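**Student:** Structure: my_file_30.cif, mmCIF, C-alpha atoms and all ligand atoms.
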```cif
data_query
#
loop_
_atom_site.label_atom_id
_atom_site.label_comp_id
_atom_site.auth_asym_id
_atom_site.auth_seq_id
_atom_site.Cartn_x
_atom_site.Cartn_y
_atom_site.Cartn_z
CA MET K 109 39.84 53.85 -28.22
CA ASN K 110 39.14 56.64 -25.77
CA SER K 111 40.15 60.09 -26.98
CA ASN K 112 41.00 61.01 -23.42
CA PRO K 113 43.63 58.61 -22.02
CA ASN K 114 42.30 59.20 -18.51
CA ARG K 115 38.73 58.39 -19.45
CA THR K 116 37.81 54.70 -19.26
CA GLU K 117 34.55 53.35 -20.56
CA CYS K 118 33.42 50.22 -18.80
CA ARG K 119 30.43 47.99 -19.03
CA LEU K 120 30.34 47.36 -15.27
CA LEU K 121 32.07 49.46 -12.65
CA ILE K 122 32.22 48.22 -9.06
CA VAL K 123 33.09 50.77 -6.40
CA GLY K 124 34.55 49.05 -3.36
CA ALA K 125 36.60 45.90 -2.95
CA GLY K 126 35.39 44.33 0.26
CA PRO K 127 33.75 40.90 0.14
CA ALA K 128 30.59 42.31 -1.52
CA GLY K 129 32.44 44.12 -4.30
CA LEU K 130 34.90 41.30 -4.88
CA THR K 131 32.19 38.66 -5.08
CA ALA K 132 30.28 40.82 -7.55
CA ALA K 133 33.53 41.05 -9.52
CA ILE K 134 34.00 37.27 -9.49
CA TYR K 135 30.47 36.61 -10.72
CA ALA K 136 30.60 39.38 -13.31
CA ALA K 137 34.02 38.35 -14.60
CA ARG K 138 32.94 34.71 -14.91
CA ALA K 139 29.95 35.94 -16.92
CA GLY K 140 32.26 37.76 -19.31
CA LEU K 141 31.37 41.29 -18.21
CA LYS K 142 35.00 42.42 -17.71
CA PRO K 143 34.22 44.42 -14.57
CA VAL K 144 36.46 47.22 -13.38
CA VAL K 145 36.78 47.44 -9.58
CA LEU K 146 37.83 50.64 -7.85
CA ALA K 147 39.58 49.16 -4.83
CA GLY K 148 40.92 52.24 -3.11
CA ALA K 149 44.39 52.00 -1.65
CA ALA K 150 43.78 48.80 0.30
CA PRO K 151 41.13 46.27 -0.76
CA GLY K 152 39.32 43.99 1.66
CA GLY K 153 37.08 46.43 3.47
CA GLN K 154 36.12 45.99 7.10
CA ALA K 155 36.69 42.24 6.79
CA THR K 156 40.39 42.92 7.13
CA GLU K 157 39.71 44.18 10.70
CA SER K 158 38.69 40.68 11.82
CA PRO K 159 41.70 38.83 13.16
CA GLU K 160 39.91 35.51 13.15
CA ILE K 161 36.92 34.33 11.19
CA GLU K 162 35.28 31.01 11.88
CA ASN K 163 31.74 31.50 10.60
CA TYR K 164 32.44 31.85 6.88
CA PRO K 165 31.37 28.45 5.60
CA GLY K 166 33.84 25.99 4.22
CA VAL K 167 37.17 27.63 4.93
CA GLY K 168 37.65 26.71 8.59
CA ARG K 169 39.40 29.28 10.75
CA THR K 170 41.02 32.12 8.93
CA ASP K 171 41.56 35.83 9.29
CA GLY K 172 39.78 38.55 7.39
CA TYR K 173 42.88 39.72 5.62
CA THR K 174 43.63 36.26 4.22
CA LEU K 175 40.03 35.66 3.20
CA ALA K 176 39.81 39.02 1.42
CA ALA K 177 43.16 38.41 -0.29
CA ARG K 178 41.83 35.10 -1.64
CA MET K 179 38.71 36.82 -2.94
CA LEU K 180 40.88 39.44 -4.59
CA SER K 181 43.02 36.85 -6.33
CA SER K 182 39.92 34.94 -7.49
CA ALA K 183 38.47 38.12 -8.97
CA THR K 184 41.74 38.83 -10.75
CA GLU K 185 42.08 35.25 -12.02
CA PHE K 186 38.63 35.39 -13.57
CA GLY K 187 39.50 38.60 -15.37
CA ALA K 188 38.25 41.46 -13.21
CA GLU K 189 40.38 44.57 -13.52
CA ILE K 190 41.33 45.83 -10.05
CA VAL K 191 42.28 49.49 -10.00
CA TYR K 192 43.90 50.88 -6.86
CA GLU K 193 42.18 54.22 -7.02
CA THR K 194 39.59 55.85 -4.77
CA ALA K 195 36.29 57.20 -6.06
CA LEU K 196 36.13 60.91 -5.27
CA LYS K 197 33.02 61.94 -7.18
CA ILE K 198 30.06 59.94 -8.49
CA SER K 199 27.47 61.31 -10.90
CA LEU K 200 24.65 58.84 -11.37
CA ALA K 201 22.99 61.15 -13.91
CA GLU K 202 26.12 61.33 -16.08
CA LYS K 203 27.11 57.74 -15.25
CA THR K 204 30.63 58.75 -14.29
CA VAL K 205 32.96 58.12 -11.39
CA LYS K 206 36.01 60.33 -10.93
CA THR K 207 39.20 59.40 -9.14
CA GLU K 208 42.22 61.61 -8.64
CA SER K 209 43.66 60.78 -12.04
CA SER K 210 40.86 59.24 -14.10
CA GLU K 211 37.24 59.32 -15.05
CA TYR K 212 35.25 56.11 -15.48
CA VAL K 213 32.09 56.00 -17.56
CA PHE K 214 29.88 53.05 -16.69
CA ARG K 215 26.83 51.36 -18.12
CA GLU K 216 26.11 49.59 -14.86
CA LEU K 217 27.35 50.47 -11.41
CA ILE K 218 27.58 48.35 -8.26
CA LEU K 219 28.11 50.36 -5.09
CA ALA K 220 29.98 48.28 -2.53
CA THR K 221 31.44 51.05 -0.41
CA GLY K 222 30.67 49.49 2.96
CA ALA K 223 30.16 51.17 6.29
CA ALA K 224 32.42 52.44 9.01
CA HIS K 225 32.13 51.69 12.72
CA ARG K 226 32.24 54.67 15.00
CA HIS K 227 35.35 54.53 17.16
CA LEU K 228 35.70 55.60 20.79
CA GLY K 229 38.68 57.74 19.91
CA ILE K 230 40.69 56.95 23.02
CA ASP K 231 44.36 56.06 23.37
CA GLY K 232 45.14 52.44 22.60
CA GLU K 233 41.99 51.76 20.59
CA ASP K 234 43.87 51.16 17.35
CA LYS K 235 46.62 49.19 19.05
CA PHE K 236 44.15 46.81 20.72
CA THR K 237 41.85 46.40 17.73
CA GLY K 238 42.00 42.69 16.96
CA ARG K 239 43.76 42.18 20.30
CA GLY K 240 40.76 42.48 22.57
CA ILE K 241 38.86 45.31 20.94
CA SER K 242 36.23 44.28 18.44
CA TYR K 243 33.45 46.07 16.59
CA CYS K 244 31.43 42.92 15.89
CA ALA K 245 30.27 40.40 18.51
CA THR K 246 28.84 38.02 15.91
CA CYS K 247 32.23 37.94 14.21
CA ASP K 248 34.52 37.76 17.23
CA GLY K 249 32.40 36.78 20.27
CA GLY K 250 33.22 33.10 19.82
CA PHE K 251 36.85 33.78 20.73
CA TYR K 252 35.84 34.83 24.24
CA ARG K 253 33.98 31.75 25.42
CA GLY K 254 34.12 31.61 29.21
CA LYS K 255 35.91 34.98 29.41
CA ASN K 256 34.98 38.34 30.89
CA VAL K 257 33.95 40.89 28.31
CA ALA K 258 32.48 44.36 28.16
CA VAL K 259 30.28 46.06 25.60
CA VAL K 260 30.08 49.83 25.22
CA GLY K 261 27.01 51.57 23.84
CA GLY K 262 23.33 52.00 24.61
CA GLY K 263 21.61 51.40 21.26
CA ASP K 264 20.10 48.28 19.72
CA SER K 265 23.51 47.09 18.54
CA ALA K 266 25.12 47.25 21.97
CA LEU K 267 22.24 45.54 23.73
CA THR K 268 21.92 42.89 21.02
CA GLU K 269 25.66 42.23 21.26
CA ALA K 270 25.54 42.06 25.07
CA LEU K 271 22.72 39.50 24.92
CA TYR K 272 24.56 37.49 22.27
CA LEU K 273 27.75 37.52 24.32
CA SER K 274 25.92 36.49 27.51
CA ASN K 275 25.44 33.06 25.91
CA ILE K 276 29.17 32.73 25.32
CA ALA K 277 31.14 34.68 27.89
CA GLU K 278 31.47 34.16 31.62
CA SER K 279 30.40 37.74 32.31
CA VAL K 280 29.34 40.76 30.30
CA THR K 281 29.53 44.35 31.51
CA LEU K 282 27.43 46.74 29.48
CA ILE K 283 28.91 50.22 29.74
CA HIS K 284 26.72 53.13 28.69
CA ARG K 285 27.40 56.82 29.10
CA ARG K 286 23.97 57.62 30.55
CA ASP K 287 21.33 55.76 32.50
CA ALA K 288 18.68 55.67 29.76
CA TYR K 289 19.09 53.39 26.80
CA ARG K 290 18.40 54.40 23.24
CA ALA K 291 17.66 50.74 22.43
CA SER K 292 14.13 49.39 22.02
CA PRO K 293 12.33 48.61 25.32
CA VAL K 294 12.11 44.90 24.59
CA LEU K 295 15.89 44.67 24.45
CA VAL K 296 16.25 46.72 27.62
CA ASP K 297 13.88 44.32 29.41
CA ARG K 298 15.86 41.33 28.21
CA ILE K 299 19.12 42.91 29.35
CA LYS K 300 17.68 43.55 32.79
CA ALA K 301 16.47 39.97 33.05
CA GLN K 302 19.84 38.44 32.13
CA PRO K 303 21.82 37.84 35.34
CA LYS K 304 25.13 37.50 33.48
CA ILE K 305 24.94 41.09 32.27
CA ARG K 306 26.03 43.84 34.63
CA ARG K 307 25.00 47.37 33.69
CA LEU K 308 27.47 50.14 34.37
CA THR K 309 26.87 53.82 33.72
CA GLY K 310 29.99 55.72 32.82
CA VAL K 311 32.51 56.77 30.23
CA ILE K 312 35.55 54.73 29.24
CA THR K 313 38.60 56.84 29.97
CA ALA K 314 41.52 54.43 29.42
CA LEU K 315 42.46 51.03 28.07
CA GLY K 316 45.06 48.83 29.76
CA GLY K 317 47.21 45.92 28.64
CA ASN K 318 50.47 45.06 26.94
CA GLU K 319 50.10 42.91 23.84
CA LYS K 320 46.37 42.37 24.47
CA LEU K 321 43.62 44.34 26.15
CA GLN K 322 43.43 43.48 29.83
CA SER K 323 41.44 46.24 31.46
CA VAL K 324 39.11 49.15 30.88
CA GLU K 325 39.00 52.22 33.08
CA VAL K 326 35.54 53.71 33.47
CA ALA K 327 34.70 57.08 34.97
CA THR K 328 31.44 56.01 36.51
CA ILE K 329 28.49 58.30 36.89
CA PRO K 330 27.76 60.10 39.16
CA SER K 331 31.41 59.88 40.30
CA GLY K 332 34.28 57.45 40.73
CA ILE K 333 36.73 55.39 38.75
CA GLU K 334 36.34 51.67 38.19
CA ASN K 335 38.97 49.42 36.66
CA LEU K 336 37.39 46.44 34.96
CA ALA K 337 39.50 43.39 34.19
CA VAL K 338 38.30 42.25 30.76
CA ASP K 339 39.49 40.02 27.95
CA ALA K 340 37.57 41.94 25.33
CA LEU K 341 35.72 45.17 24.75
CA PHE K 342 33.05 45.23 22.06
CA VAL K 343 32.51 48.74 20.78
CA ALA K 344 28.92 49.17 19.53
CA ILE K 345 28.40 52.91 19.49
CA GLY K 346 26.87 53.19 16.05
CA GLY K 347 28.35 53.75 12.67
CA ALA K 348 27.65 55.15 9.31
CA PRO K 349 27.38 53.80 5.78
CA ASN K 350 29.85 55.19 3.27
CA THR K 351 27.26 56.94 1.13
CA GLU K 352 28.54 60.51 1.02
CA LEU K 353 29.37 60.27 -2.72
CA VAL K 354 25.79 59.33 -3.67
CA ARG K 355 23.78 61.25 -1.09
CA GLY K 356 20.92 63.08 -2.79
CA GLN K 357 21.22 60.90 -5.90
CA LEU K 358 19.37 57.80 -4.76
CA GLN K 359 17.05 56.68 -2.00
CA LEU K 360 18.55 56.17 1.45
CA ASP K 361 16.74 54.89 4.53
CA GLU K 362 16.42 56.90 7.74
CA ASP K 363 19.84 55.68 8.92
CA GLY K 364 21.49 56.64 5.64
CA TYR K 365 21.80 53.14 4.15
CA ILE K 366 21.02 52.68 0.44
CA VAL K 367 17.57 51.22 -0.11
CA THR K 368 17.55 48.18 -2.42
CA ASP K 369 15.11 45.50 -3.38
CA ALA K 370 15.88 41.79 -3.07
CA LEU K 371 17.79 41.94 -6.37
CA MET K 372 20.06 44.70 -4.99
CA ARG K 373 18.54 47.27 -7.33
CA THR K 374 18.41 50.84 -6.09
CA ASP K 375 15.81 53.33 -7.24
CA ARG K 376 18.19 54.37 -10.07
CA ASP K 377 18.28 52.31 -13.25
CA SER K 378 21.50 50.30 -13.66
CA VAL K 379 22.71 51.16 -10.15
CA TYR K 380 22.98 48.39 -7.54
CA ALA K 381 24.11 48.44 -3.92
CA VAL K 382 25.57 45.47 -2.05
CA GLY K 383 26.95 44.63 1.37
CA ASP K 384 27.10 46.85 4.43
CA VAL K 385 26.22 50.03 2.56
CA ARG K 386 22.68 48.86 1.88
CA ASN K 387 19.71 48.35 4.18
CA THR K 388 20.46 44.73 4.96
CA PRO K 389 19.22 42.83 8.01
CA LEU K 390 22.63 41.24 8.65
CA ARG K 391 26.07 42.75 8.09
CA GLN K 392 28.38 39.75 7.73
CA ILE K 393 30.94 38.65 5.14
CA VAL K 394 28.70 35.83 3.97
CA THR K 395 25.72 38.13 3.39
CA ALA K 396 27.91 40.72 1.68
CA CYS K 397 29.15 38.02 -0.70
CA ALA K 398 25.61 36.88 -1.38
CA ASP K 399 24.58 40.45 -2.21
CA GLY K 400 27.47 40.76 -4.65
CA ALA K 401 26.50 37.53 -6.39
CA VAL K 402 22.85 38.56 -6.69
CA ALA K 403 23.68 42.00 -8.10
CA ALA K 404 26.16 40.71 -10.66
CA SER K 405 23.70 38.05 -11.76
CA GLN K 406 21.17 40.74 -12.68
CA ILE K 407 23.55 42.21 -15.21
CA VAL K 408 23.29 40.26 -18.41
CA VAL K 409 26.04 40.19 -21.02
P1 LIG E 1 22.70 53.97 17.69
O1 LIG E 1 21.26 53.66 17.78
O2 LIG E 1 23.14 55.23 17.05
O3 LIG E 1 23.25 53.95 19.19
C1 LIG E 1 24.56 54.30 19.47
C2 LIG E 1 24.77 54.23 20.97
O4 LIG E 1 26.14 54.47 21.25
C3 LIG E 1 23.95 55.28 21.74
O5 LIG E 1 23.45 54.69 22.91
C4 LIG E 1 24.98 56.35 22.05
O6 LIG E 1 24.76 56.98 23.27
C5 LIG E 1 26.25 55.57 22.17
N1 LIG E 1 27.41 56.34 21.76
C6 LIG E 1 27.59 57.06 20.62
N2 LIG E 1 28.82 57.61 20.60
C7 LIG E 1 29.42 57.23 21.75
C8 LIG E 1 30.71 57.48 22.32
N3 LIG E 1 31.63 58.20 21.68
N4 LIG E 1 30.99 56.93 23.51
C9 LIG E 1 30.08 56.17 24.16
N5 LIG E 1 28.85 55.90 23.69
C10 LIG E 1 28.52 56.43 22.50
O7 LIG E 1 23.54 52.83 16.94
P2 LIG E 1 23.25 51.26 16.82
O8 LIG E 1 22.92 50.66 18.13
O9 LIG E 1 24.41 50.70 16.06
O10 LIG E 1 21.97 51.18 15.89
C11 LIG E 1 22.00 51.78 14.58
C12 LIG E 1 20.66 51.51 13.88
O11 LIG E 1 20.56 50.13 13.58
C13 LIG E 1 19.47 51.88 14.76
O12 LIG E 1 18.46 52.38 13.95
C14 LIG E 1 19.06 50.56 15.33
O13 LIG E 1 17.67 50.51 15.68
C15 LIG E 1 19.39 49.62 14.21
N6 LIG E 1 19.67 48.29 14.76
C16 LIG E 1 18.62 47.43 14.91
C17 LIG E 1 18.82 46.19 15.45
C18 LIG E 1 17.69 45.25 15.63
O14 LIG E 1 17.85 44.21 16.15
N7 LIG E 1 16.53 45.62 15.21
C19 LIG E 1 20.09 45.79 15.88
C20 LIG E 1 21.13 46.69 15.72
C21 LIG E 1 20.90 47.95 15.18
P3 LIG E 1 23.54 58.00 23.49
O15 LIG E 1 22.32 57.14 23.56
O16 LIG E 1 23.89 58.65 24.78
O17 LIG E 1 23.57 58.91 22.32
#
```
In structure tokens, what does this structure look like?
Ligand code: NAP
**Tutor:**
Amino acid sequence: MNSNPNRTECRLLIVGAGPAGLTAAIYAARAGLKPVVLAGAAPGGQATESPEIENYPGVGRTDGYTLAARMLSSATEFGAEIVYETALKISLAEKTVKTESSEYVFRELILATGAAHRHLGIDGEDKFTGRGISYCATCDGGFYRGKNVAVVGGGDSALTEALYLSNIAESVTLIHRRDAYRASPVLVDRIKAQPKIRRLTGVITALGGNEKLQSVEVATIPSGIENLAVDALFVAIGGAPNTELVRGQLQLDEDGYIVTDALMRTDRDSVYAVGDVRNTPLRQIVTACADGAVAASQIVV
């Protein structure tokens, strides 16, 4: 028994309860590791932002909230302990994670803290998220087949998403706040060669619509206002991995993502990273789940 009632010793601690963390929990629990999952206030991660998911194999059409809820109940059924607390401090040297009321001491740690999309920060963005505003063309583009969509941003993500959407949508307007793109030249060339993509230089100043997004107001550069009728706006203006609690304690890549090998091992013994927080080539639910399975499988009872 612990002498301190607020100090919990666990074999495997998983920080984060999105698809990556929950899949790690399922695999670890089935292997008898009795994982403890720090789920924060609301499990599910960014998956819960997707109103419809159709590319997660085998489940047909669903929504991210439902899918994450199923993963959560599977993890619980197999014996994972889900704790609705948020990690506030992580010491990899001491092998401890502190929450507001407790301290967890781990032998092995799986970091599944995800990443956050940067938001435009304009009125209506939250209201229209899932109702025309999306942060992931691969996830949601399929819902806008034959429709008119816009993408905002000028980096690799925005241009990649615009190209992807040009195969699906009727028209794509790529809105960027300046006339030079940050994206790699090859993508810029492809964008310029794609007749379905219209390039617009300007700043989005307002979003219009009732239940769903219907229009985007752009203050065009050098001057003028343009009202675009759109069915969807894909926001691709960058983002950041949730690594602030481990910064300086393990290796991150130049964009701040945790560096792992193919077995999800970080450069710290007994510390793994899975899902969107790591330097992965594809940030999708299915790849996050695969990461979680691989990491948990490295931890032997
Ligand atoms: P990024 O490179 O940081 O680009 C963000 C873009 O959004 C920039 O063009 C920026 O404009 C614009 N932006 C930022 N805040 C904005 C705001 N509030 N309003 C309007 N526009 C705003 O982000 P990313 O495109 O997501 O790429 C992140 C990293 O992943 C990069 O290293 C990228 O190379 C990599 N990536 C690679 C691939 C690939 O296929 N190889 C695909 C996706 C991403 P400014 O340019 O004016 O700052």
**Student:** What's around Asn256 in chain K at 7 Å? Count only C-alpha atoms, leave out sequence neighbours fewer than 6 positions away in its own chain, and write the answer as a list in words.
**Tutor:**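 Within the cut-off, the hits are Ala277, Glu278, Ser279, Val280, Val338 and Asp339 of chain K.
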**Student:** Can you write out the residues you just picked, keeping C-alpha atoms, as a short mmCIF file (atom, residue, chain, number, x, y, z; two decimals), in the frame of the given file?
**Tutor:**
```cif
data_model
loop_
_atom_site.label_atom_id
_atom_site.label_comp_id
_atom_site.auth_asym_id
_atom_site.auth_seq_id
_atom_site.Cartn_x
_atom_site.Cartn_y
_atom_site.Cartn_z
CA ALA K 277 31.14 34.68 27.89
CA GLU K 278 31.47 34.16 31.62
CA SER K 279 30.40 37.74 32.31
CA VAL K 280 29.34 40.76 30.30
CA VAL K 338 38.30 42.25 30.76
CA ASP K 339 39.49 40.02 27.95
#
```
**Student:** When the cut-off is 9 Å and you count only C-alpha atoms and all ligand atoms, which residues lie near ligand LIG 1 (chain E), shown as a VMD selection string?
**Tutor:** chain K and resid 225 to 229 260 to 269 283 to 292 295 310 to 312 343 to 348 362 to 363 389 to 390
**Student:** If you count only C-alpha atoms, which residues fall within 9 Å of Glu162 in chain K, apart from same-chain ones fewer than 5 positions away, as a list in words?
**Tutor:** Val167, Gly168, Arg169, Thr170, Asp171, Cys247, Asp248 and Gly250 of chain K
**Student:** Could you please give me, as JSON, numbers by chain, the residues of protein, DNA or RNA lying at most 10 Å from (35.3, 54.8, -17.7) in the coordinate frame of the file, considering all atoms listed in the file?
**Tutor:** {"K": [110, 114, 115, 116, 117, 118, 119, 120, 121, 144, 203, 204, 205, 206, 210, 211, 212, 213, 214, 215]}
**Student:** To one decimal in Å, tell me the separation between CA of Ser242 in chain K and CA of Phe342 in chain K.
**Tutor:**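 We find that CA of Ser242 in chain K and CA of Phe342 in chain K lie 4.9 Å from each other.
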**Student:** Out of K:Ala327, K:Met372, K:Ala337, K:Val296, which residue has the shortest atom-to-atom distance to Ala396 in chain K when counting only C-alpha atoms?
**Tutor:**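 Of K:Ala327, K:Met372, K:Ala337, K:Val296, the one nearest Ala396 in chain K is K:Met372, counting only C-alpha atoms.
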**Student:** Considering all atoms listed in the file, can you say which of K:Asn275, K:Thr313, K:Tyr173, K:Leu358 comes closest to Thr328 in chain K?
**Tutor:**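 That would be K:Thr313, the residue with the smallest distance to Thr328 in chain K.
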**Student:** Quote the spacing between CA of Pro151 in chain K and CA of Tyr365 in chain K in Å to one decimal place.
**Tutor:**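 Here the two named atoms are 21.1 Å from each other.
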**Student:** Using CA of Gly254 in chain K and CA of Ile333 in chain K as the two end points, give the distance in Å to one decimal.
**Tutor:** 25.8 Å
**Student:** For Gly364 in chain K, which of K:Ala223, K:Val326, K:Ile393, K:Val191 is the closest residue, counting only C-alpha atoms?
**Tutor:**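 Looking at the shortest contact to Gly364 in chain K, the residue is K:Ala223.
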